[in-house]
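One file, start.cif, carrying mmCIF, C-alpha atoms and all ligand atoms:
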data_structure
#
loop_
_atom_site.label_atom_id
_atom_site.label_comp_id
_atom_site.auth_asym_id
_atom_site.auth_seq_id
_atom_site.Cartn_x
_atom_site.Cartn_y
_atom_site.Cartn_z
CA MET A 1 276.77 165.96 -4.52
CA LYS A 2 279.83 167.72 -3.12
CA LYS A 3 282.38 165.51 -1.39
CA ILE A 4 282.61 165.94 2.35
CA PRO A 5 286.13 166.86 3.49
CA LEU A 6 287.52 164.29 5.93
CA LYS A 7 290.04 166.55 7.65
CA SER A 8 290.15 170.10 8.94
CA HIS A 9 291.26 172.83 6.54
CA HIS A 10 293.47 175.61 7.96
CA LYS A 11 292.55 174.28 11.42
CA PHE A 12 288.78 174.56 10.84
CA PHE A 13 285.83 172.45 9.74
CA GLY A 14 283.40 174.20 7.40
CA ASP A 15 283.96 177.05 4.94
CA SER A 16 283.01 179.85 7.31
CA LYS A 17 285.42 178.74 10.08
CA ASP A 18 282.53 177.96 12.37
CA PHE A 19 284.00 174.89 14.03
CA GLY A 20 287.43 174.00 15.39
CA GLY A 21 290.42 176.31 15.45
CA GLN A 22 293.03 176.87 18.10
CA TYR A 23 291.74 179.26 20.76
CA THR A 24 294.46 178.91 23.36
CA PRO A 25 296.61 181.20 25.49
CA GLU A 26 299.87 182.32 23.88
CA ILE A 27 301.85 180.21 26.34
CA LEU A 28 300.59 176.97 24.73
CA ARG A 29 301.54 178.02 21.19
CA PRO A 30 305.00 176.33 21.09
CA ALA A 31 303.59 173.03 22.39
CA LEU A 32 300.81 173.03 19.78
CA ILE A 33 303.21 173.91 16.95
CA GLU A 34 305.46 171.02 17.97
CA LEU A 35 302.42 168.70 18.09
CA GLU A 36 301.28 169.82 14.63
CA LYS A 37 304.75 169.07 13.23
CA ALA A 38 304.70 165.60 14.79
CA TYR A 39 301.21 164.97 13.37
CA LYS A 40 302.37 165.94 9.87
CA LYS A 41 305.81 164.24 9.91
CA ILE A 42 305.96 161.38 12.44
CA PHE A 43 302.32 160.28 12.41
CA PRO A 44 302.17 159.32 8.69
CA SER A 45 305.68 157.78 8.69
CA LYS A 46 306.08 154.10 7.98
CA ALA A 47 307.96 153.52 11.25
CA TYR A 48 305.14 155.00 13.34
CA GLN A 49 302.29 153.35 11.40
CA THR A 50 303.96 149.90 11.46
CA GLU A 51 304.49 150.02 15.22
CA LEU A 52 300.96 151.30 15.78
CA LYS A 53 299.51 148.49 13.72
CA ASP A 54 301.45 145.95 15.75
CA LEU A 55 300.27 147.45 19.07
CA LEU A 56 296.65 147.55 17.88
CA LYS A 57 296.81 143.87 17.04
CA HIS A 58 298.87 142.46 19.88
CA PHE A 59 298.16 144.85 22.77
CA VAL A 60 294.72 146.33 22.11
CA GLY A 61 293.35 143.10 20.62
CA ARG A 62 292.09 144.40 17.29
CA PRO A 63 290.17 143.79 15.19
CA THR A 64 287.21 143.81 17.57
CA PRO A 65 284.31 141.65 16.34
CA LEU A 66 281.22 142.65 14.39
CA ILE A 67 278.48 140.56 15.97
CA TYR A 68 275.23 139.67 14.20
CA ALA A 69 272.54 140.24 16.84
CA LYS A 70 270.29 137.44 15.64
CA ASN A 71 267.83 137.33 18.52
CA ALA A 72 267.39 141.09 18.76
CA SER A 73 266.99 141.25 14.96
CA LYS A 74 264.12 138.78 15.07
CA ILE A 75 262.31 140.67 17.84
CA LEU A 76 262.89 144.19 16.45
CA GLY A 77 262.32 143.41 12.76
CA ASN A 78 265.64 144.76 11.48
CA GLU A 79 268.98 143.14 10.67
CA ILE A 80 271.11 144.35 13.59
CA TYR A 81 274.89 144.16 13.93
CA LEU A 82 277.04 145.26 16.86
CA LYS A 83 280.63 146.49 16.55
CA PHE A 84 281.99 145.44 19.93
CA GLU A 85 284.72 147.86 21.09
CA GLY A 86 284.07 146.51 24.58
CA LEU A 87 286.50 143.70 23.79
CA ALA A 88 289.43 146.09 23.35
CA ASN A 89 292.00 146.15 26.18
CA THR A 90 290.75 148.28 29.12
CA GLY A 91 287.19 147.76 27.90
CA ALA A 92 286.46 150.56 25.44
CA HIS A 93 287.50 152.37 22.26
CA LYS A 94 289.52 154.93 24.25
CA ILE A 95 292.64 152.77 24.08
CA ASN A 96 292.78 153.20 20.25
CA ASN A 97 293.48 156.88 20.80
CA ALA A 98 295.57 156.58 23.96
CA ILE A 99 298.04 154.05 22.54
CA GLY A 100 298.41 156.12 19.35
CA GLN A 101 299.13 159.36 21.19
CA VAL A 102 301.51 157.74 23.70
CA LEU A 103 303.40 156.15 20.80
CA LEU A 104 303.60 159.56 19.13
CA ALA A 105 304.93 161.03 22.39
CA LYS A 106 307.61 158.36 22.54
CA LYS A 107 308.68 159.00 18.94
CA MET A 108 308.85 162.74 19.74
CA GLY A 109 311.29 161.91 22.53
CA LYS A 110 308.96 162.88 25.39
CA LYS A 111 309.60 161.34 28.80
CA LYS A 112 306.31 161.94 30.50
CA ILE A 113 302.60 161.63 29.72
CA ILE A 114 299.90 163.78 31.28
CA ALA A 115 296.15 163.48 30.81
CA GLU A 116 292.94 164.64 32.41
CA THR A 117 290.04 162.35 33.18
CA GLY A 118 286.49 162.74 34.46
CA ALA A 119 284.98 159.31 35.05
CA GLY A 120 288.41 157.76 34.67
CA GLN A 121 288.02 155.83 31.40
CA HIS A 122 290.43 157.99 29.44
CA GLY A 123 292.84 158.06 32.40
CA LEU A 124 292.71 154.30 32.55
CA ALA A 125 293.45 153.85 28.84
CA THR A 126 296.27 156.40 28.96
CA ALA A 127 297.84 154.83 32.06
CA ALA A 128 297.72 151.40 30.38
CA ALA A 129 299.35 152.77 27.21
CA ALA A 130 302.07 154.54 29.20
CA ALA A 131 302.76 151.34 31.17
CA LYS A 132 303.04 149.37 27.93
CA LEU A 133 305.43 151.85 26.29
CA GLY A 134 307.44 152.59 29.45
CA LEU A 135 306.71 156.31 29.94
CA SER A 136 305.91 157.93 33.27
CA CYS A 137 302.32 159.06 33.61
CA GLU A 138 300.35 161.60 35.63
CA ILE A 139 296.55 161.71 35.52
CA TYR A 140 294.78 164.88 36.67
CA MET A 141 291.37 164.32 38.15
CA GLY A 142 288.91 166.48 40.12
CA GLU A 143 288.77 165.76 43.84
CA ILE A 144 285.06 164.88 43.63
CA ASP A 145 285.63 162.53 40.68
CA ILE A 146 288.44 160.75 42.55
CA ALA A 147 286.09 160.12 45.46
CA ARG A 148 283.30 158.68 43.28
CA GLN A 149 285.44 156.72 40.80
CA ARG A 150 287.53 154.59 43.17
CA PRO A 151 287.69 151.46 40.93
CA ASN A 152 289.25 153.39 38.02
CA VAL A 153 291.66 155.25 40.33
CA PHE A 154 292.69 151.89 41.79
CA ASN A 155 293.38 150.47 38.32
CA MET A 156 295.28 153.56 37.12
CA GLU A 157 297.54 153.22 40.15
CA LEU A 158 298.06 149.53 39.36
CA PHE A 159 299.33 150.67 35.94
CA GLY A 160 301.86 152.81 37.80
CA ALA A 161 300.26 156.18 37.07
CA LYS A 162 300.21 158.97 39.62
CA VAL A 163 296.65 160.23 40.06
CA ILE A 164 296.74 163.90 41.01
CA SER A 165 293.77 165.45 42.78
CA VAL A 166 292.53 168.83 41.48
CA ALA A 167 290.85 170.83 44.24
CA SER A 168 290.09 174.06 42.33
CA GLY A 169 286.72 175.23 40.97
CA THR A 170 284.00 172.59 40.84
CA LYS A 171 286.62 169.87 41.51
CA THR A 172 285.50 167.92 38.39
CA LEU A 173 286.56 167.35 34.76
CA LYS A 174 286.46 170.99 33.65
CA ASP A 175 288.95 171.94 36.36
CA ALA A 176 291.11 168.88 35.66
CA VAL A 177 291.36 170.03 32.00
CA ASN A 178 292.46 173.52 33.08
CA GLU A 179 295.07 172.11 35.43
CA THR A 180 296.46 169.73 32.78
CA LEU A 181 296.77 172.62 30.30
CA ARG A 182 298.55 174.68 32.96
CA VAL A 183 301.06 171.90 33.68
CA TRP A 184 301.57 171.28 29.95
CA SER A 185 302.31 174.94 29.24
CA LYS A 186 305.03 174.84 31.92
CA GLU A 187 306.78 171.61 30.95
CA SER A 188 305.91 170.84 27.32
CA SER A 189 309.53 170.25 26.31
CA GLU A 190 309.52 166.90 28.11
CA THR A 191 305.79 166.25 28.49
CA PHE A 192 303.02 165.13 26.11
CA TYR A 193 299.35 165.86 26.79
CA VAL A 194 297.15 162.94 25.72
CA LEU A 195 293.70 164.38 24.98
CA GLY A 196 290.78 161.95 25.28
CA SER A 197 288.16 162.88 22.68
CA ALA A 198 287.91 164.41 19.21
CA LEU A 199 287.91 167.98 20.50
CA GLY A 200 290.17 170.64 21.98
CA PRO A 201 292.48 172.91 19.96
CA TYR A 202 293.77 171.86 16.52
CA PRO A 203 295.37 169.37 15.78
CA TYR A 204 293.78 167.19 18.50
CA PRO A 205 290.39 166.70 16.74
CA ASP A 206 292.24 165.44 13.64
CA ILE A 207 294.66 163.22 15.57
CA VAL A 208 291.93 161.59 17.64
CA ARG A 209 289.69 161.03 14.59
CA ASP A 210 292.50 159.46 12.60
CA LEU A 211 293.31 157.10 15.48
CA GLN A 212 289.68 156.14 16.07
CA SER A 213 288.81 155.69 12.39
CA ILE A 214 290.22 152.15 12.64
CA ILE A 215 286.72 151.28 13.98
CA GLY A 216 284.92 152.22 10.74
CA LYS A 217 287.67 150.75 8.54
CA GLU A 218 287.25 147.38 10.22
CA VAL A 219 283.45 147.61 9.99
CA ARG A 220 283.67 148.21 6.24
CA LYS A 221 285.62 144.96 5.81
CA GLN A 222 283.59 142.99 8.33
CA CYS A 223 280.25 143.87 6.70
CA LYS A 224 281.36 141.83 3.70
CA ASP A 225 281.30 138.66 5.80
CA TYR A 226 277.57 139.17 6.26
CA PHE A 227 276.31 141.05 3.20
CA SER A 228 277.71 142.46 -0.02
CA ASP A 229 276.47 146.04 0.06
CA LEU A 230 276.71 148.86 2.60
CA PRO A 231 274.63 149.07 5.80
CA ASP A 232 271.48 151.22 5.68
CA ILE A 233 271.87 152.83 9.09
CA MET A 234 274.82 153.34 11.48
CA ILE A 235 274.30 154.48 15.07
CA ALA A 236 276.77 155.61 17.73
CA CYS A 237 276.61 157.48 21.03
CA VAL A 238 278.17 160.94 21.20
CA GLY A 239 280.01 162.38 24.18
CA GLY A 240 282.95 164.45 22.98
CA GLY A 241 282.56 162.47 19.79
CA SER A 242 285.56 160.16 19.37
CA ASN A 243 283.87 156.77 19.03
CA SER A 244 281.21 158.18 16.69
CA ILE A 245 283.58 160.05 14.37
CA GLY A 246 285.85 156.97 14.35
CA PHE A 247 282.91 154.76 13.40
CA PHE A 248 281.44 157.16 10.79
CA THR A 249 284.50 158.60 8.98
CA GLU A 250 284.89 155.70 6.55
CA PHE A 251 281.22 156.13 5.47
CA LEU A 252 280.85 159.94 5.35
CA ASN A 253 280.91 160.03 1.57
CA ASP A 254 278.57 157.07 1.12
CA LYS A 255 275.50 159.26 1.17
CA GLN A 256 273.07 156.32 1.10
CA VAL A 257 274.23 155.31 4.61
CA HIS A 258 272.09 157.05 7.21
CA LEU A 259 274.32 158.12 10.13
CA ILE A 260 272.80 158.77 13.55
CA GLY A 261 274.53 160.20 16.63
CA VAL A 262 272.83 159.72 19.99
CA GLU A 263 273.35 162.21 22.79
CA ALA A 264 272.44 161.98 26.46
CA GLY A 265 268.76 162.85 26.93
CA GLY A 266 269.22 162.48 30.70
CA ILE A 267 266.06 162.95 32.71
CA GLY A 268 264.37 165.71 30.71
CA LYS A 269 264.56 168.72 28.43
CA ALA A 270 265.29 171.46 31.00
CA THR A 271 268.74 173.04 31.36
CA GLY A 272 270.95 170.84 33.51
CA GLN A 273 268.89 167.69 32.93
CA ASN A 274 270.68 166.38 29.83
CA ALA A 275 273.71 166.75 27.57
CA ALA A 276 271.92 167.05 24.20
CA ARG A 277 273.92 169.81 22.54
CA ILE A 278 272.47 169.50 19.06
CA ASN A 279 269.00 170.97 19.50
CA LYS A 280 266.81 173.69 18.00
CA ASP A 281 268.24 176.42 20.26
CA MET A 282 271.90 175.51 19.77
CA ARG A 283 274.57 178.17 19.49
CA THR A 284 278.27 178.15 18.77
CA GLY A 285 280.73 179.29 21.38
CA ILE A 286 284.40 179.01 22.29
CA ALA A 287 285.68 177.01 25.25
CA GLN A 288 288.64 174.81 26.16
CA GLY A 289 290.58 175.77 23.05
CA TYR A 290 288.01 175.25 20.28
CA LYS A 291 284.92 176.69 18.63
CA SER A 292 281.88 174.45 18.51
CA ILE A 293 278.34 174.02 19.76
CA PHE A 294 278.15 174.21 23.55
CA LEU A 295 275.34 174.08 26.07
CA GLN A 296 275.70 177.56 27.50
CA ASP A 297 273.85 180.42 29.16
CA LYS A 298 273.27 183.86 27.61
CA GLU A 299 276.71 185.04 28.74
CA GLY A 300 278.42 182.03 27.19
CA ASN A 301 279.19 180.20 30.44
CA LEU A 302 279.01 176.43 30.05
CA SER A 303 275.76 175.00 31.43
CA PRO A 304 275.59 172.13 33.90
CA THR A 305 274.74 168.77 32.31
CA HIS A 306 273.35 165.44 33.44
CA SER A 307 273.55 161.89 32.15
CA ILE A 308 273.39 158.44 33.73
CA SER A 309 276.63 157.77 31.82
CA ALA A 310 279.66 159.79 32.87
CA GLY A 311 281.21 159.56 29.39
CA LEU A 312 278.39 161.53 27.74
CA ASP A 313 278.04 164.11 30.50
CA TYR A 314 279.78 167.07 28.83
CA ALA A 315 278.63 170.51 27.60
CA GLY A 316 280.66 170.55 24.36
CA ILE A 317 280.82 168.42 21.21
CA GLY A 318 283.78 167.83 18.89
CA PRO A 319 283.99 170.47 16.11
CA GLN A 320 283.87 168.02 13.20
CA LEU A 321 280.63 166.48 14.47
CA ALA A 322 279.14 169.95 15.02
CA TYR A 323 280.02 170.72 11.40
CA LEU A 324 278.54 167.46 10.12
CA ALA A 325 275.37 168.22 12.10
CA SER A 326 275.23 171.72 10.58
CA ILE A 327 275.29 170.36 7.01
CA GLY A 328 272.83 167.59 7.87
CA ARG A 329 275.17 164.68 7.12
CA ILE A 330 274.68 163.21 10.60
CA GLU A 331 271.28 163.13 12.25
CA PHE A 332 271.26 163.66 16.01
CA THR A 333 268.82 162.17 18.48
CA SER A 334 268.93 161.58 22.21
CA ALA A 335 268.01 158.79 24.61
CA LEU A 336 266.62 159.18 28.11
CA ASP A 337 268.36 157.57 31.08
CA SER A 338 265.34 155.28 31.51
CA GLU A 339 265.44 154.14 27.85
CA VAL A 340 269.15 153.48 28.22
CA ILE A 341 268.64 151.08 31.14
CA GLU A 342 265.90 149.26 29.19
CA ALA A 343 268.17 148.92 26.14
CA LEU A 344 271.00 147.59 28.32
CA LYS A 345 268.71 144.94 29.83
CA PHE A 346 267.25 144.00 26.43
CA PHE A 347 270.61 143.45 24.70
CA ALA A 348 272.14 141.71 27.73
CA LYS A 349 269.23 139.28 27.88
CA HIS A 350 268.95 138.57 24.16
CA GLU A 351 272.54 138.91 22.94
CA GLY A 352 274.77 137.98 25.89
CA ILE A 353 276.70 141.24 25.96
CA ILE A 354 276.94 143.91 28.65
CA PRO A 355 277.29 147.26 26.89
CA ALA A 356 278.55 150.40 28.67
CA LEU A 357 275.85 152.91 29.64
CA GLU A 358 277.28 155.28 27.02
CA SER A 359 276.95 152.63 24.29
CA SER A 360 273.47 151.72 25.52
CA HIS A 361 272.35 155.12 24.20
CA ALA A 362 273.07 153.83 20.68
CA LEU A 363 271.14 150.66 21.49
CA ALA A 364 268.18 152.68 22.79
CA GLU A 365 268.06 154.34 19.37
CA VAL A 366 268.18 150.91 17.67
CA ILE A 367 265.05 150.02 19.64
CA ASN A 368 263.37 153.39 18.95
CA ILE A 369 264.06 153.40 15.22
CA SER A 370 262.79 149.83 14.95
CA LYS A 371 259.35 151.10 15.95
CA LYS A 372 259.25 153.08 12.68
CA THR A 373 261.56 151.26 10.25
CA LYS A 374 261.76 147.57 9.30
CA ASN A 375 264.04 145.24 7.32
CA LYS A 376 267.06 147.57 7.38
CA LYS A 377 270.68 146.65 7.97
CA ILE A 378 271.61 148.56 11.12
CA ILE A 379 275.07 148.65 12.72
CA ALA A 380 275.43 150.06 16.24
CA ASN A 381 278.80 150.86 17.77
CA ILE A 382 279.20 149.38 21.25
CA SER A 383 281.91 151.80 22.36
CA GLY A 384 282.64 149.91 25.57
CA ARG A 385 281.59 147.15 27.91
CA GLY A 386 279.52 147.76 31.00
CA ASP A 387 281.52 146.10 33.80
CA LYS A 388 282.69 149.55 34.90
CA ASP A 389 279.09 150.68 35.44
CA ILE A 390 278.08 148.09 38.02
CA PHE A 391 277.87 150.69 40.80
CA ILE A 392 275.27 152.59 38.74
CA THR A 393 273.40 149.77 36.96
CA ALA A 394 273.05 147.51 40.01
CA LYS A 395 271.65 150.46 41.96
CA ALA A 396 269.20 151.25 39.15
CA ILE A 397 268.09 147.68 38.39
CA ASN A 398 268.23 145.83 41.73
CA PRO A 399 268.98 148.31 44.56
CA LYS A 400 267.99 146.00 47.44
CA ASP A 401 270.35 143.13 46.68
CA TRP A 402 273.12 145.56 45.81
CA GLU A 403 272.79 147.39 49.12
CA LYS A 404 272.84 144.08 50.99
CA PHE A 405 276.00 143.03 49.16
CA LEU A 406 277.78 146.34 49.86
CA THR A 407 276.79 146.33 53.53
CA GLU A 408 278.10 142.81 53.98
CA GLU A 409 281.22 143.59 52.01
CA ILE A 410 282.05 146.36 54.49
CA LYS A 411 281.70 143.86 57.35
CA ARG A 412 284.02 141.45 55.52
CA ILE A 413 286.63 144.19 55.04
CA LYS A 414 286.45 145.10 58.72
CA ASN A 415 286.98 141.44 59.69
CA VAL A 416 290.13 141.26 57.56
CA ARG A 417 291.44 144.46 59.15
CA VAL A 418 290.73 143.25 62.66
CA LYS A 419 292.66 140.04 61.95
CA ASP A 420 295.56 142.01 60.43
CA GLU A 421 295.80 144.23 63.47
CA LYS A 422 295.99 141.28 65.91
C1 LIG A 501 284.30 158.05 27.04
C2 LIG A 501 283.32 157.13 26.47
C3 LIG A 501 282.36 157.55 25.52
C4 LIG A 501 282.18 158.98 25.09
O1 LIG A 501 283.26 159.57 24.48
P1 LIG A 501 283.35 159.83 22.90
O2 LIG A 501 284.57 160.65 22.78
O3 LIG A 501 282.10 160.53 22.49
O4 LIG A 501 283.46 158.49 22.25
C5 LIG A 501 281.51 156.61 24.97
N1 LIG A 501 281.57 155.31 25.34
C6 LIG A 501 282.45 154.85 26.25
C7 LIG A 501 282.45 153.42 26.61
C8 LIG A 501 283.36 155.75 26.85
O5 LIG A 501 284.23 155.29 27.75
#
Representation of the structure as C-alpha cells:
Amino acid sequence: MKKIPLKSHHKFFGDSKDFGGQYTPEILRPALIELEKAYKKIFPSKAYQTELKDLLKHFVGRPTPLIYAKNASKILGNEIYLKFEGLANTGAHKINNAIGQVLLAKKMGKKKIIAETGAGQHGLATAAAAAKLGLSCEIYMGEIDIARQRPNVFNMELFGAKVISVASGTKTLKDAVNETLRVWSKESSETFYVLGSALGPYPYPDIVRDLQSIIGKEVRKQCKDYFSDLPDIMIACVGGGSNSIGFFTEFLNDKQVHLIGVEAGGIGKATGQNAARINKDMRTGIAQGYKSIFLQDKEGNLSPTHSISAGLDYAGIGPQLAYLASIGRIEFTSALDSEVIEALKFFAKHEGIIPALESSHALAEVINISKKTKNKKIIANISGRGDKDIFITAKAINPKDWEKFLTEEIKRIKNVRVKDEK
C-alpha cells in the first residue's frame, strides 16, 4: 500500500489540494513567510530541539504515563491502556504546543506573545509558557467567554498575562481569532501568534502536529513495557485535532493499527446540536485561513455547534485530519454528551483518574467499541484532566449539593468582605 505522507506538500494535504493551504489577507503574508522560515530553519536546529527537550522534561513533566486500566479491562473485555496527558503541567496536552511555539518566538527574537482562547485552556498553556520563558503575553478572549470561564482567566492573570476582552460579533472564540489576526497583522515584527490547534493557515497545522507528535512517540516506546507488538486500536477525541494528530502520527503508516477519532455528538443530530464535522453530508469550505471540512450552511457560513466540552465545540477540523478521513485512514465516530458523563464516571470509579470532558469522548468510544469487539489492545488518549470541568460535571452529576455549596460560598465571601470593610 502507498505510504501516507506525514507532512503537508506545497502547503496542502492530499493530491488535489483539498485540505490546508494559506487563505489569508495579503496583510498577513509577511508574518506567515517569516514563520515558515523559522519552521524550516530554527525549528529543526539542534539548539532549538535540545532546549525544547529540556523544557518538555523539566517544565512540562514529560514523559506522561501510559496506564494499564486493569479494572476497566476486566469489566469491558479488552486490554485497555490510557495515555495520561492530564499529568502535563497546566493539565492537558496543550502545553506541548504552547511551550514549543513560545520557544520558537524567543529564538526568532520576538518580544511579545499573543493568542486567542475560547474556554481558556490554550490561553492558560500559552500564558504559562510565556511566564516560563520571560515574554510578555496578551490573550484575546470573547466577552462572553471571559464571563463564563472565570477560573481560567484568574489563572492566566496569575501567570502575568493580560486578558483582553473582545466585544465584537458573537463575543466568543470566532471573534477572538479575528481580533488576534488583526493585531498580529499590525505588529508582527515584534509579536508572535501562538495558535492552539492543528489548523489555521500553513505552516501552523505542521508546526502544531510536530510539537504534539511527542505523545505518539512516547506511546510507541511505552507499549513495549506492556506488550511486544503494536496496539490494535487507538482512540482520541477530536476538536481542532491537535491531541489526536499528535497521538496518531507515529502510527499512520502501521496500517494494522485501527485509528479512531471521536467528535462531539452533543445532544443530537440536528444542526446546532453537535460538532460532528465528519458525516455523510460533509462539505469542504474555507474559513479562518485554511481549507477543510466545516459545519456550514448552504451559503458557506459556519454553523452553530454544541458540546458539553468547550474544547470540542468548534465548526472546523484540522486539514490533515480531514484528509486522513477522506482516504479512510482514520475512522470517525461521535459520542453524545450523556455517554460522555457516563464514561467519565466509569473511569473515575474504576481507574482513579478524572479525565477532561473532551477526553471522556474517547473513553465513551472505548466503552461503545467494547460492546462489539473483545480481547483487543486498545489505547485511549486522555488529552487532559477534568479538574477544570467541575462547574459543568458537578452540575450534571449532583446539582443539589453543588448548588448548596455555591450558595454558601457566596455567603462566606460576603462575610470576608464585610470584615475587610470594618
Ligand atoms: C482543547 C482540548 C481538546 C481539543 O483540542 P484538540 O486540538 O482537538 O486536541 C481536547 N482535550 C482537552 C483536554 C483540551 O483542552
> Out of A:Gly21, A:Pro30, A:Gly272, A:Gly86, which residue has the shortest atom-to-atom distance to ligand LIG 501 (chain A) when counting all atoms listed in the file?
Replying inline: A:Gly86
>> Please find the residues contacting ligand LIG 501 (chain A) at a distance of at most 7 Å between atoms, with only C-alpha atoms and all ligand atoms counted, and report them as a ChimeraX atom specification.
In response: /A:92-94,121-122,196-198,237-244,311-312,356,358-359,383-385
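Pairwise distance (atom CA of A:Gln149, atom CA of A:Asp401) equals 21.1 Å.
Shortest atom-to-atom contact with A:Gly77 among A:Ile369, A:Ile144, A:Ile286, A:Leu35: A:Ile369, counting only C-alpha atoms.
Computed from the coordinates, the atom CA of A:Phe59 to atom CA of A:Ile42 distance equals 21.0 Å.
Atom CA of A:Ser309 to atom CA of A:Gly289 spans 24.4 Å [interatomic distance, one decimal].
Closest approach to A:Gly142 from the set A:Val208, A:Met156, A:Ser307, A:Leu173 is made by A:Leu173, with distances taken over all atoms listed in the file.
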